[in-house]
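So this block is query05.cif, mmCIF, C-alpha atoms and all ligand atoms:
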data_run
loop_
_atom_site.label_atom_id
_atom_site.label_comp_id
_atom_site.auth_asym_id
_atom_site.auth_seq_id
_atom_site.Cartn_x
_atom_site.Cartn_y
_atom_site.Cartn_z
CA MET H 1 -10.95 -22.80 4.57
CA ASN H 2 -14.74 -22.93 4.95
CA HIS H 3 -15.69 -19.38 4.03
CA LYS H 4 -14.67 -17.04 1.26
CA PRO H 5 -11.85 -14.79 2.55
CA ILE H 6 -12.69 -11.19 3.30
CA LEU H 7 -10.82 -8.60 1.28
CA ILE H 8 -9.82 -5.31 2.87
CA LEU H 9 -8.35 -2.45 0.83
CA ILE H 10 -6.29 0.23 2.59
CA ALA H 11 -5.43 3.33 0.54
CA GLY H 12 -4.07 6.77 1.40
CA GLY H 13 -1.29 9.14 0.39
CA THR H 14 2.37 8.35 0.68
CA ALA H 15 3.50 8.09 4.34
CA SER H 16 -0.07 8.58 5.57
CA GLY H 17 0.44 5.54 7.79
CA LYS H 18 -1.04 2.67 5.77
CA THR H 19 1.66 0.17 6.78
CA THR H 20 1.46 1.30 10.40
CA VAL H 21 -2.31 0.79 10.40
CA VAL H 22 -1.96 -2.68 8.84
CA ASP H 23 0.71 -3.67 11.38
CA LYS H 24 -1.58 -2.64 14.25
CA ILE H 25 -4.59 -4.48 12.83
CA ILE H 26 -2.71 -7.74 12.33
CA LYS H 27 -1.39 -7.68 15.89
CA SER H 28 -4.80 -8.66 17.21
CA PHE H 29 -5.13 -11.68 14.87
CA ASN H 30 -3.65 -15.12 14.61
CA PRO H 31 -0.91 -14.67 11.96
CA TYR H 32 -2.35 -17.54 9.90
CA ASP H 33 -5.69 -15.73 9.63
CA VAL H 34 -4.38 -12.63 7.82
CA SER H 35 -2.32 -12.22 4.63
CA VAL H 36 -1.09 -8.82 3.50
CA ILE H 37 -0.16 -7.66 0.01
CA CYS H 38 1.79 -4.42 -0.21
CA MET H 39 1.04 -2.85 -3.60
CA ASP H 40 4.53 -1.33 -3.71
CA ASN H 41 5.76 -4.81 -4.63
CA TYR H 42 3.72 -4.61 -7.82
CA TYR H 43 5.60 -1.70 -9.38
CA LYS H 44 6.41 -2.84 -12.91
CA LYS H 45 9.63 -4.71 -13.63
CA ARG H 46 11.70 -2.32 -15.78
CA ASP H 47 14.80 -4.28 -16.84
CA ASP H 48 14.42 -2.62 -20.24
CA LEU H 49 15.48 0.76 -18.77
CA SER H 50 18.76 1.99 -17.34
CA PHE H 51 18.98 3.08 -13.69
CA GLU H 52 19.00 6.76 -14.80
CA GLU H 53 15.86 6.18 -16.89
CA ARG H 54 14.12 4.30 -14.05
CA LYS H 55 14.82 7.23 -11.71
CA LYS H 56 12.73 9.48 -13.95
CA ILE H 57 9.55 7.33 -13.96
CA ASN H 58 6.40 8.81 -12.46
CA TYR H 59 5.80 6.25 -9.68
CA ASP H 60 2.62 7.91 -8.48
CA HIS H 61 0.70 7.36 -11.72
CA PRO H 62 -1.46 4.20 -11.92
CA ASP H 63 0.43 3.09 -15.05
CA ALA H 64 3.55 2.45 -12.94
CA ILE H 65 1.80 -0.48 -11.25
CA ASP H 66 1.37 -3.95 -12.72
CA MET H 67 -2.38 -4.04 -12.01
CA GLU H 68 -2.93 -7.20 -14.07
CA LEU H 69 -0.46 -9.24 -11.99
CA LEU H 70 -1.91 -7.77 -8.80
CA LYS H 71 -5.45 -8.72 -9.85
CA ARG H 72 -4.36 -12.26 -10.75
CA HIS H 73 -2.74 -12.61 -7.35
CA ILE H 74 -5.77 -11.25 -5.49
CA ARG H 75 -8.05 -13.65 -7.35
CA ALA H 76 -5.71 -16.56 -6.56
CA LEU H 77 -5.74 -15.77 -2.84
CA MET H 78 -9.53 -15.37 -2.91
CA ASP H 79 -9.66 -18.84 -4.54
CA SER H 80 -7.49 -20.26 -1.72
CA ARG H 81 -4.35 -20.59 -3.84
CA ASN H 82 -0.98 -19.27 -2.68
CA ILE H 83 1.05 -16.71 -4.65
CA ASP H 84 4.68 -15.77 -5.22
CA CYS H 85 4.60 -12.06 -4.48
CA PRO H 86 7.32 -10.00 -6.20
CA VAL H 87 9.74 -7.99 -4.07
CA TYR H 88 10.47 -4.36 -4.96
CA ASN H 89 13.79 -2.64 -4.47
CA PHE H 90 13.30 1.13 -3.98
CA ALA H 91 17.00 1.92 -4.13
CA GLN H 92 17.24 0.24 -7.57
CA HIS H 93 13.76 1.41 -8.75
CA ASN H 94 13.12 -2.13 -9.91
CA ARG H 95 11.78 -5.52 -8.94
CA GLU H 96 14.28 -7.89 -7.35
CA GLU H 97 15.63 -10.24 -10.02
CA SER H 98 14.78 -13.62 -8.56
CA LYS H 99 13.35 -12.97 -5.12
CA THR H 100 9.66 -13.56 -4.32
CA ILE H 101 7.69 -14.07 -1.12
CA LYS H 102 5.20 -16.90 -0.79
CA ILE H 103 1.86 -15.57 0.46
CA ASN H 104 -0.71 -18.06 1.63
CA PRO H 105 -4.47 -17.74 1.43
CA ALA H 106 -6.07 -16.66 4.72
CA LYS H 107 -9.42 -15.70 6.21
CA VAL H 108 -8.54 -12.02 5.83
CA ILE H 109 -6.64 -10.60 2.84
CA ILE H 110 -5.40 -7.01 3.16
CA ILE H 111 -4.18 -4.98 0.17
CA GLU H 112 -2.31 -1.82 1.10
CA GLY H 113 -1.10 0.92 -1.25
CA ILE H 114 -1.55 4.51 -2.40
CA LEU H 115 -3.85 3.30 -5.20
CA ALA H 116 -5.54 0.39 -3.40
CA LEU H 117 -8.96 1.94 -4.07
CA TYR H 118 -8.19 2.95 -7.66
CA ASP H 119 -9.08 -0.10 -9.74
CA PRO H 120 -12.81 -0.87 -10.15
CA ASP H 121 -12.20 -4.64 -10.55
CA ILE H 122 -10.31 -4.75 -7.27
CA ARG H 123 -12.93 -2.59 -5.53
CA SER H 124 -15.66 -4.93 -6.74
CA LEU H 125 -14.05 -7.81 -4.80
CA ALA H 126 -13.60 -5.84 -1.58
CA ASP H 127 -15.57 -6.23 1.64
CA ILE H 128 -14.13 -3.22 3.48
CA GLN H 129 -12.50 -0.14 1.92
CA ILE H 130 -10.40 2.17 4.04
CA PHE H 131 -8.64 5.48 3.42
CA VAL H 132 -5.88 6.56 5.80
CA GLU H 133 -5.71 10.34 5.95
CA SER H 134 -2.92 12.53 7.21
CA ASP H 135 -2.05 16.16 6.72
CA ALA H 136 0.14 16.84 3.65
CA ASP H 137 2.99 18.48 5.57
CA ILE H 138 3.08 15.66 8.12
CA ARG H 139 3.20 13.14 5.28
CA PHE H 140 5.99 15.03 3.57
CA ILE H 141 8.09 15.13 6.75
CA ARG H 142 7.52 11.41 7.37
CA ARG H 143 8.38 10.59 3.76
CA LEU H 144 11.53 12.71 3.77
CA LYS H 145 12.85 10.87 6.84
CA ARG H 146 11.83 7.45 5.57
CA ASP H 147 13.13 7.86 2.02
CA MET H 148 16.50 9.16 3.23
CA GLU H 149 16.85 6.48 5.93
CA GLU H 150 15.35 3.46 4.17
CA ARG H 151 15.03 4.05 0.44
CA GLY H 152 18.47 5.47 -0.43
CA ARG H 153 17.30 8.96 -1.42
CA SER H 154 18.89 12.42 -0.99
CA LEU H 155 17.15 15.50 0.42
CA ASP H 156 17.05 17.24 -2.99
CA ASN H 157 15.79 14.09 -4.67
CA VAL H 158 12.87 13.67 -2.23
CA ILE H 159 11.85 17.34 -2.55
CA GLU H 160 12.05 17.27 -6.36
CA GLN H 161 10.02 14.07 -6.66
CA TYR H 162 7.45 15.25 -4.15
CA LEU H 163 6.78 18.52 -6.00
CA THR H 164 6.87 17.17 -9.56
CA THR H 165 4.96 13.88 -9.26
CA VAL H 166 4.00 12.75 -5.72
CA LYS H 167 1.86 15.77 -4.82
CA PRO H 168 0.12 16.34 -8.20
CA MET H 169 -0.61 12.60 -8.65
CA TYR H 170 -1.95 12.39 -5.09
CA GLU H 171 -4.44 15.10 -5.97
CA ALA H 172 -5.30 13.60 -9.37
CA TYR H 173 -5.50 9.86 -8.54
CA VAL H 174 -5.44 9.19 -4.80
CA VAL H 175 -7.73 11.84 -3.27
CA PRO H 176 -10.60 11.03 -5.71
CA THR H 177 -10.65 7.42 -4.37
CA LYS H 178 -11.48 8.65 -0.87
CA ARG H 179 -15.14 8.67 -1.84
CA PHE H 180 -15.06 4.86 -2.13
CA ALA H 181 -13.97 4.44 1.49
CA ASP H 182 -16.27 2.89 4.08
CA ILE H 183 -14.03 4.26 6.81
CA ILE H 184 -11.55 7.16 6.83
CA ILE H 185 -8.87 6.71 9.49
CA PRO H 186 -7.33 9.98 10.66
CA ASN H 187 -3.61 9.45 11.26
CA ASP H 188 -1.96 12.75 12.15
CA THR H 189 -1.42 11.56 15.72
CA LYS H 190 -3.39 8.75 17.41
CA HIS H 191 -5.61 6.26 15.62
CA ASP H 192 -6.12 3.61 18.29
CA ILE H 193 -9.91 3.83 18.52
CA ALA H 194 -10.32 3.56 14.74
CA ILE H 195 -8.03 0.48 14.72
CA ASP H 196 -9.99 -1.11 17.59
CA ILE H 197 -13.32 -0.59 15.85
CA LEU H 198 -11.98 -2.00 12.60
CA SER H 199 -10.36 -5.05 14.22
CA THR H 200 -13.60 -5.81 16.09
CA LYS H 201 -15.60 -5.57 12.86
CA ILE H 202 -13.20 -7.92 11.03
CA LYS H 203 -13.35 -10.46 13.90
CA ASP H 204 -17.11 -10.25 13.78
CA ILE H 205 -17.15 -11.13 10.07
CA ILE H 206 -14.70 -14.06 10.26
CA ARG H 207 -16.13 -15.56 13.47
N1 LIG R 301 0.38 8.10 13.88
C1 LIG R 301 1.69 8.22 13.64
N2 LIG R 301 2.46 8.95 14.48
C2 LIG R 301 3.80 9.09 14.25
N3 LIG R 301 4.46 8.53 13.19
C3 LIG R 301 3.76 7.78 12.35
C4 LIG R 301 2.33 7.58 12.51
N4 LIG R 301 1.89 6.80 11.51
C5 LIG R 301 2.98 6.52 10.74
N5 LIG R 301 4.08 7.11 11.24
C6 LIG R 301 5.46 7.04 10.67
O1 LIG R 301 5.44 7.63 9.37
C7 LIG R 301 6.25 6.88 8.48
C8 LIG R 301 5.40 6.42 7.30
O2 LIG R 301 4.42 5.52 7.82
P1 LIG R 301 3.95 4.26 6.98
O3 LIG R 301 2.98 3.51 7.83
O4 LIG R 301 5.13 3.52 6.46
O5 LIG R 301 3.18 5.00 5.78
P2 LIG R 301 2.67 4.45 4.39
O6 LIG R 301 2.62 2.96 4.48
O7 LIG R 301 1.31 5.08 4.22
O8 LIG R 301 3.64 4.97 3.37
C9 LIG R 301 6.86 5.73 9.29
O9 LIG R 301 8.14 6.10 9.70
C10 LIG R 301 5.92 5.59 10.48
O10 LIG R 301 6.58 5.11 11.61
N1 LIG R 302 10.94 3.36 -7.47
C1 LIG R 302 10.02 3.95 -6.71
C2 LIG R 302 8.73 3.43 -6.56
C3 LIG R 302 7.84 4.11 -5.75
N2 LIG R 302 8.20 5.25 -5.11
C4 LIG R 302 7.25 5.96 -4.26
O1 LIG R 302 6.63 5.11 -3.33
C5 LIG R 302 5.44 5.74 -2.89
C6 LIG R 302 4.43 4.71 -2.45
O2 LIG R 302 4.90 4.04 -1.30
P1 LIG R 302 4.35 4.43 0.17
O3 LIG R 302 4.96 3.34 1.01
O4 LIG R 302 4.86 5.79 0.48
O5 LIG R 302 2.86 4.37 0.11
C7 LIG R 302 4.91 6.54 -4.06
O6 LIG R 302 4.49 7.81 -3.63
C8 LIG R 302 6.13 6.64 -5.02
O7 LIG R 302 6.49 7.96 -5.27
C9 LIG R 302 9.47 5.74 -5.28
O8 LIG R 302 9.82 6.80 -4.70
N3 LIG R 302 10.37 5.07 -6.07
#

Go ahead and render the structure in this file as structure tokens.
Ligand SMILES: Nc1ncnc2c1ncn2[C@@H]1O[C@H](COP(=O)(O)OP(=O)(O)O)[C@@H](O)[C@H]1O
Ligand SMILES: Nc1ccn([C@@H]2O[C@H](COP(=O)(O)O)[C@@H](O)[C@H]2O)c(=O)n1
Amino acid sequence: MNHKPILILIAGGTASGKTTVVDKIIKSFNPYDVSVICMDNYYKKRDDLSFEERKKINYDHPDAIDMELLKRHIRALMDSRNIDCPVYNFAQHNREESKTIKINPAKVIIIEGILALYDPDIRSLADIQIFVESDADIRFIRRLKRDMEERGRSLDNVIEQYLTTVKPMYEAYVVPTKRFADIIIPNDTKHDIAIDILSTKIKDIIR
């Protein structure tokens, strides 16, 4: 690779549409030109705790994330080295035992996660910082459906977690990072124009 990769951070509340936005952006690029890290894969490995204990962890606090490993991996990709990204299992509340995904360096590196704009070291490496915004009740409905369909959760469990940790931590740690965003993408309904503008800007930089 001739140029330093560009680093794009995409933050926003749970189920705001971060993954959806990333999927739409990468559609207009050659797959070899973009590598994506999902911060959810960097939840800490907690083999020291039982399943019942892992269920009780506050997963919306920055301490739940292995920021040091994430930073090492971002630096490696920025230095054109590949990484073995961990794989997280939401149903087990733990990292997969021996599964990793090889991620190769690319012209564009995208980091996506609720706290993607939280860490100052990571922000200092970033070229573009984005916050995906969606109304709280829309996010809750999306999360309820997704967590019951894909993450092995019950209705009561999603409601309890949302009220005790997801919502208060969103207000305490996620919302304050909005001020670091270069672009805020509204995602209650359509977001196509915002995606087009962003994809054009990225192509402009890597051209
Ligand atoms: N603009 C949108 N309109 C309708 N549904 C959406 C929209 N954006 C996201 N969703 C849906 O909401 C859910 C959560 O979206 P996702 O992109 O996974 O959020 P995040 O990565 O922020 O947690 C998914 O089921 C997704 O299909
Ligand atoms: N064991 C876990 C780990 C994380 N979560 C929740 O995931 C949310 C972040 O993922 P998004 O795709 O929604 O951005 C976060 O709000 C955690 O509460 C979990 O439920 N269980």

Counting only C-alpha atoms and all ligand atoms, the residue among H:Ile202, H:Leu115, H:Ile197, H:Ala15 that lies closest to ligand LIG 302 (chain R) is H:Ala15

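Closest approach to Ile206 in chain H from the set H:Val132, H:Ile122, H:Val36, H:Ile109 is made by H:Ile109, with distances taken over all atoms listed in the file.
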
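Of the listed residues H:Ala91, H:Leu198, H:Ala181, H:Val21, the one whose atoms come nearest to Arg123 in chain H is H:Ala181, with distances taken using only C-alpha atoms.
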
If you count all atoms listed in the file, the residue of H:Ile103, H:Met148, H:Leu70, H:Ile83 closest to Asp33 in chain H turns out to be H:Ile103

Mind dumping a table of every chain H residue within 9 Å of ligand LIG 301 (chain R), with the nearest atom pair and its distance in Å to one decimal, using only C-alpha atoms and all ligand atoms, sorted by chain and rising number, as CSV?
residue,atom,partner,partner_atom,distance
H:Ala11,CA,R:LIG301,O7,7.9
H:Gly12,CA,R:LIG301,O7,6.3
H:Gly13,CA,R:LIG301,O7,6.2
H:Thr14,CA,R:LIG301,O8,4.5
H:Ala15,CA,R:LIG301,O8,3.3
H:Ser16,CA,R:LIG301,O7,4.0
H:Gly17,CA,R:LIG301,O3,3.3
H:Lys18,CA,R:LIG301,O7,3.7
H:Thr19,CA,R:LIG301,O6,3.7
H:Thr20,CA,R:LIG301,O3,3.7
H:Val21,CA,R:LIG301,O3,6.5
H:Val22,CA,R:LIG301,O3,8.0
H:Asp23,CA,R:LIG301,O3,8.3
H:Cys38,CA,R:LIG301,O6,8.8
H:Glu112,CA,R:LIG301,O6,7.7
H:Gly113,CA,R:LIG301,O6,7.1
H:Ile114,CA,R:LIG301,O7,7.2
H:Val132,CA,R:LIG301,O7,7.5
H:Glu133,CA,R:LIG301,O7,8.9
H:Ser134,CA,R:LIG301,N4,8.6
H:Ile138,CA,R:LIG301,O1,8.5
H:Arg139,CA,R:LIG301,O1,7.2
H:Ile141,CA,R:LIG301,O1,8.4
H:Arg142,CA,R:LIG301,O1,4.8
H:Arg143,CA,R:LIG301,C8,6.2
H:Lys145,CA,R:LIG301,O9,7.3
H:Arg146,CA,R:LIG301,O9,5.7
H:Pro186,CA,R:LIG301,N1,8.6
H:Asn187,CA,R:LIG301,N1,5.0
H:Asp188,CA,R:LIG301,N1,5.5
H:Thr189,CA,R:LIG301,N1,4.3
H:Lys190,CA,R:LIG301,N1,5.2
H:His191,CA,R:LIG301,N1,6.5

Take the selection from the previous step and output its residues with C-alpha atoms, as a PDB file, keeping the file's coordinate frame.
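Output file out12.pdb is given in full below:
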ATOM      1  CA  ALA H  11      -5.430   3.330   0.540  1.00  0.00           C
ATOM      2  CA  GLY H  12      -4.070   6.770   1.400  1.00  0.00           C
ATOM      3  CA  GLY H  13      -1.290   9.140   0.390  1.00  0.00           C
ATOM      4  CA  THR H  14       2.370   8.350   0.680  1.00  0.00           C
ATOM      5  CA  ALA H  15       3.500   8.090   4.340  1.00  0.00           C
ATOM      6  CA  SER H  16      -0.070   8.580   5.570  1.00  0.00           C
ATOM      7  CA  GLY H  17       0.440   5.540   7.790  1.00  0.00           C
ATOM      8  CA  LYS H  18      -1.040   2.670   5.770  1.00  0.00           C
ATOM      9  CA  THR H  19       1.660   0.170   6.780  1.00  0.00           C
ATOM     10  CA  THR H  20       1.460   1.300  10.400  1.00  0.00           C
ATOM     11  CA  VAL H  21      -2.310   0.790  10.400  1.00  0.00           C
ATOM     12  CA  VAL H  22      -1.960  -2.680   8.840  1.00  0.00           C
ATOM     13  CA  ASP H  23       0.710  -3.670  11.380  1.00  0.00           C
ATOM     14  CA  CYS H  38       1.790  -4.420  -0.210  1.00  0.00           C
ATOM     15  CA  GLU H 112      -2.310  -1.820   1.100  1.00  0.00           C
ATOM     16  CA  GLY H 113      -1.100   0.920  -1.250  1.00  0.00           C
ATOM     17  CA  ILE H 114      -1.550   4.510  -2.400  1.00  0.00           C
ATOM     18  CA  VAL H 132      -5.880   6.560   5.800  1.00  0.00           C
ATOM     19  CA  GLU H 133      -5.710  10.340   5.950  1.00  0.00           C
ATOM     20  CA  SER H 134      -2.920  12.530   7.210  1.00  0.00           C
ATOM     21  CA  ILE H 138       3.080  15.660   8.120  1.00  0.00           C
ATOM     22  CA  ARG H 139       3.200  13.140   5.280  1.00  0.00           C
ATOM     23  CA  ILE H 141       8.090  15.130   6.750  1.00  0.00           C
ATOM     24  CA  ARG H 142       7.520  11.410   7.370  1.00  0.00           C
ATOM     25  CA  ARG H 143       8.380  10.590   3.760  1.00  0.00           C
ATOM     26  CA  LYS H 145      12.850  10.870   6.840  1.00  0.00           C
ATOM     27  CA  ARG H 146      11.830   7.450   5.570  1.00  0.00           C
ATOM     28  CA  PRO H 186      -7.330   9.980  10.660  1.00  0.00           C
ATOM     29  CA  ASN H 187      -3.610   9.450  11.260  1.00  0.00           C
ATOM     30  CA  ASP H 188      -1.960  12.750  12.150  1.00  0.00           C
ATOM     31  CA  THR H 189      -1.420  11.560  15.720  1.00  0.00           C
ATOM     32  CA  LYS H 190      -3.390   8.750  17.410  1.00  0.00           C
ATOM     33  CA  HIS H 191      -5.610   6.260  15.620  1.00  0.00           C
TER      34      HIS H 191
END

Need the shell around Glu53 in chain H: protein/DNA/RNA residues with any atom at most 12 Å away, counting all atoms listed in the file. Skip same-chain ones fewer than 4 positions apart. Format as an MDAnalysis selection string?
chainID H and resid 46:49 57:58 92:94

The residue from H:Val166, H:Ile101, H:Ile65, H:Leu9 with the smallest atom-to-atom distance to ligand LIG 302 (chain R), counting all atoms listed in the file, is H:Val166

Item checked: Near-Phe90 in chain H list (12 Å; only C-alpha atoms; drop same-chain fewer than 3 positions) as a list in words -> Asp40, Asn41, Tyr42, Tyr43, Lys44, Lys45, Phe51, Arg54, Lys55, Tyr59, Val87, His93, Asn94, Arg95, Glu96, Arg146, Asp147, Met148, Glu149, Glu150, Arg151, Gly152 and Arg153 of chain H

**Prompt:** If we count only C-alpha atoms, what is near Ile8 in chain H at a cut-off of 6 Å, once residues fewer than 4 positions away on the same chain are taken out, given as number ranges by chain?
**Reply:** H: 110, 126-129

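Using only C-alpha atoms and all ligand atoms, the shortest contact distance between ligand LIG 302 (chain R) and any of H:Met169, H:Ile130, H:Ile111, H:Ile6 is found at H:Met169.
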
Taken to one decimal, the CA of Tyr162 in chain H-atom C5 of ligand LIG 302 (chain R) distance is 9.8 Å

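Going from CA of Glu171 in chain H over to CA of Ile25 in chain H, you cover 27.1 Å.
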
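Pairwise distance (CA of Glu97 in chain H, CA of Gln161 in chain H) equals 25.2 Å.
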
(message) So that I can check the surroundings of Asn82 in chain H, please list as an MDAnalysis selection string every protein, DNA and RNA residue that reaches within 6 Å of it, counting only C-alpha atoms and ignoring chain neighbours fewer than 2 positions away.
(response) chainID H and resid 77 103:105

N, CA and C atoms modelled onto range 138-165 of chain H, as a PDB file, keeping the file's coordinate frame:
ATOM      1  N   ILE H 138       2.640  16.776   7.263  1.00  0.00           N
ATOM      2  CA  ILE H 138       3.080  15.660   8.120  1.00  0.00           C
ATOM      3  C   ILE H 138       3.554  14.501   7.235  1.00  0.00           C
ATOM      4  N   ARG H 139       2.805  14.232   6.178  1.00  0.00           N
ATOM      5  CA  ARG H 139       3.200  13.140   5.280  1.00  0.00           C
ATOM      6  C   ARG H 139       4.544  13.438   4.620  1.00  0.00           C
ATOM      7  N   PHE H 140       4.718  14.702   4.223  1.00  0.00           N
ATOM      8  CA  PHE H 140       5.990  15.030   3.570  1.00  0.00           C
ATOM      9  C   PHE H 140       7.168  14.834   4.524  1.00  0.00           C
ATOM     10  N   ILE H 141       6.994  15.281   5.772  1.00  0.00           N
ATOM     11  CA  ILE H 141       8.090  15.130   6.750  1.00  0.00           C
ATOM     12  C   ILE H 141       8.388  13.640   6.984  1.00  0.00           C
ATOM     13  N   ARG H 142       7.318  12.848   7.153  1.00  0.00           N
ATOM     14  CA  ARG H 142       7.520  11.410   7.370  1.00  0.00           C
ATOM     15  C   ARG H 142       8.226  10.783   6.164  1.00  0.00           C
ATOM     16  N   ARG H 143       7.795  11.178   4.966  1.00  0.00           N
ATOM     17  CA  ARG H 143       8.380  10.590   3.760  1.00  0.00           C
ATOM     18  C   ARG H 143       9.853  10.975   3.619  1.00  0.00           C
ATOM     19  N   LEU H 144      10.142  12.242   3.889  1.00  0.00           N
ATOM     20  CA  LEU H 144      11.530  12.710   3.770  1.00  0.00           C
ATOM     21  C   LEU H 144      12.446  11.859   4.651  1.00  0.00           C
ATOM     22  N   LYS H 145      12.029  11.679   5.917  1.00  0.00           N
ATOM     23  CA  LYS H 145      12.850  10.870   6.840  1.00  0.00           C
ATOM     24  C   LYS H 145      12.979   9.436   6.333  1.00  0.00           C
ATOM     25  N   ARG H 146      11.813   8.850   5.986  1.00  0.00           N
ATOM     26  CA  ARG H 146      11.830   7.450   5.570  1.00  0.00           C
ATOM     27  C   ARG H 146      12.643   7.237   4.292  1.00  0.00           C
ATOM     28  N   ASP H 147      12.446   8.078   3.293  1.00  0.00           N
ATOM     29  CA  ASP H 147      13.130   7.860   2.020  1.00  0.00           C
ATOM     30  C   ASP H 147      14.643   8.054   2.146  1.00  0.00           C
ATOM     31  N   MET H 148      15.048   8.980   3.036  1.00  0.00           N
ATOM     32  CA  MET H 148      16.500   9.160   3.230  1.00  0.00           C
ATOM     33  C   MET H 148      17.083   8.026   4.060  1.00  0.00           C
ATOM     34  N   GLU H 149      16.321   7.545   5.055  1.00  0.00           N
ATOM     35  CA  GLU H 149      16.850   6.480   5.930  1.00  0.00           C
ATOM     36  C   GLU H 149      16.733   5.091   5.307  1.00  0.00           C
ATOM     37  N   GLU H 150      15.623   4.853   4.595  1.00  0.00           N
ATOM     38  CA  GLU H 150      15.350   3.460   4.170  1.00  0.00           C
ATOM     39  C   GLU H 150      15.367   3.233   2.671  1.00  0.00           C
ATOM     40  N   ARG H 151      15.179   4.297   1.874  1.00  0.00           N
ATOM     41  CA  ARG H 151      15.030   4.050   0.440  1.00  0.00           C
ATOM     42  C   ARG H 151      16.156   4.649  -0.396  1.00  0.00           C
ATOM     43  N   GLY H 152      17.266   5.024   0.285  1.00  0.00           N
ATOM     44  CA  GLY H 152      18.470   5.470  -0.430  1.00  0.00           C
ATOM     45  C   GLY H 152      18.301   6.759  -1.210  1.00  0.00           C
ATOM     46  N   ARG H 153      17.537   7.704  -0.690  1.00  0.00           N
ATOM     47  CA  ARG H 153      17.300   8.960  -1.420  1.00  0.00           C
ATOM     48  C   ARG H 153      18.000  10.144  -0.742  1.00  0.00           C
ATOM     49  N   SER H 154      18.285  11.196  -1.546  1.00  0.00           N
ATOM     50  CA  SER H 154      18.890  12.420  -0.990  1.00  0.00           C
ATOM     51  C   SER H 154      17.773  13.426  -0.698  1.00  0.00           C
ATOM     52  N   LEU H 155      18.118  14.453   0.077  1.00  0.00           N
ATOM     53  CA  LEU H 155      17.150  15.500   0.420  1.00  0.00           C
ATOM     54  C   LEU H 155      16.587  16.149  -0.856  1.00  0.00           C
ATOM     55  N   ASP H 156      17.487  16.563  -1.756  1.00  0.00           N
ATOM     56  CA  ASP H 156      17.050  17.240  -2.990  1.00  0.00           C
ATOM     57  C   ASP H 156      16.161  16.341  -3.836  1.00  0.00           C
ATOM     58  N   ASN H 157      16.545  15.065  -3.880  1.00  0.00           N
ATOM     59  CA  ASN H 157      15.790  14.090  -4.670  1.00  0.00           C
ATOM     60  C   ASN H 157      14.356  13.928  -4.147  1.00  0.00           C
ATOM     61  N   VAL H 158      14.207  13.847  -2.815  1.00  0.00           N
ATOM     62  CA  VAL H 158      12.870  13.670  -2.230  1.00  0.00           C
ATOM     63  C   VAL H 158      12.012  14.907  -2.497  1.00  0.00           C
ATOM     64  N   ILE H 159      12.610  16.098  -2.339  1.00  0.00           N
ATOM     65  CA  ILE H 159      11.850  17.340  -2.550  1.00  0.00           C
ATOM     66  C   ILE H 159      11.408  17.446  -4.016  1.00  0.00           C
ATOM     67  N   GLU H 160      12.355  17.179  -4.918  1.00  0.00           N
ATOM     68  CA  GLU H 160      12.050  17.270  -6.360  1.00  0.00           C
ATOM     69  C   GLU H 160      10.918  16.322  -6.754  1.00  0.00           C
ATOM     70  N   GLN H 161      11.034  15.071  -6.303  1.00  0.00           N
ATOM     71  CA  GLN H 161      10.020  14.070  -6.660  1.00  0.00           C
ATOM     72  C   GLN H 161       8.667  14.434  -6.055  1.00  0.00           C
ATOM     73  N   TYR H 162       8.710  14.919  -4.824  1.00  0.00           N
ATOM     74  CA  TYR H 162       7.450  15.250  -4.150  1.00  0.00           C
ATOM     75  C   TYR H 162       6.700  16.341  -4.926  1.00  0.00           C
ATOM     76  N   LEU H 163       7.442  17.385  -5.338  1.00  0.00           N
ATOM     77  CA  LEU H 163       6.780  18.520  -6.000  1.00  0.00           C
ATOM     78  C   LEU H 163       6.362  18.207  -7.436  1.00  0.00           C
ATOM     79  N   THR H 164       7.181  17.390  -8.140  1.00  0.00           N
ATOM     80  CA  THR H 164       6.870  17.170  -9.560  1.00  0.00           C
ATOM     81  C   THR H 164       5.844  16.058  -9.794  1.00  0.00           C
ATOM     82  N   THR H 165       5.900  14.989  -8.987  1.00  0.00           N
ATOM     83  CA  THR H 165       4.960  13.880  -9.260  1.00  0.00           C
ATOM     84  C   THR H 165       4.115  13.479  -8.044  1.00  0.00           C
TER      85      THR H 165
END
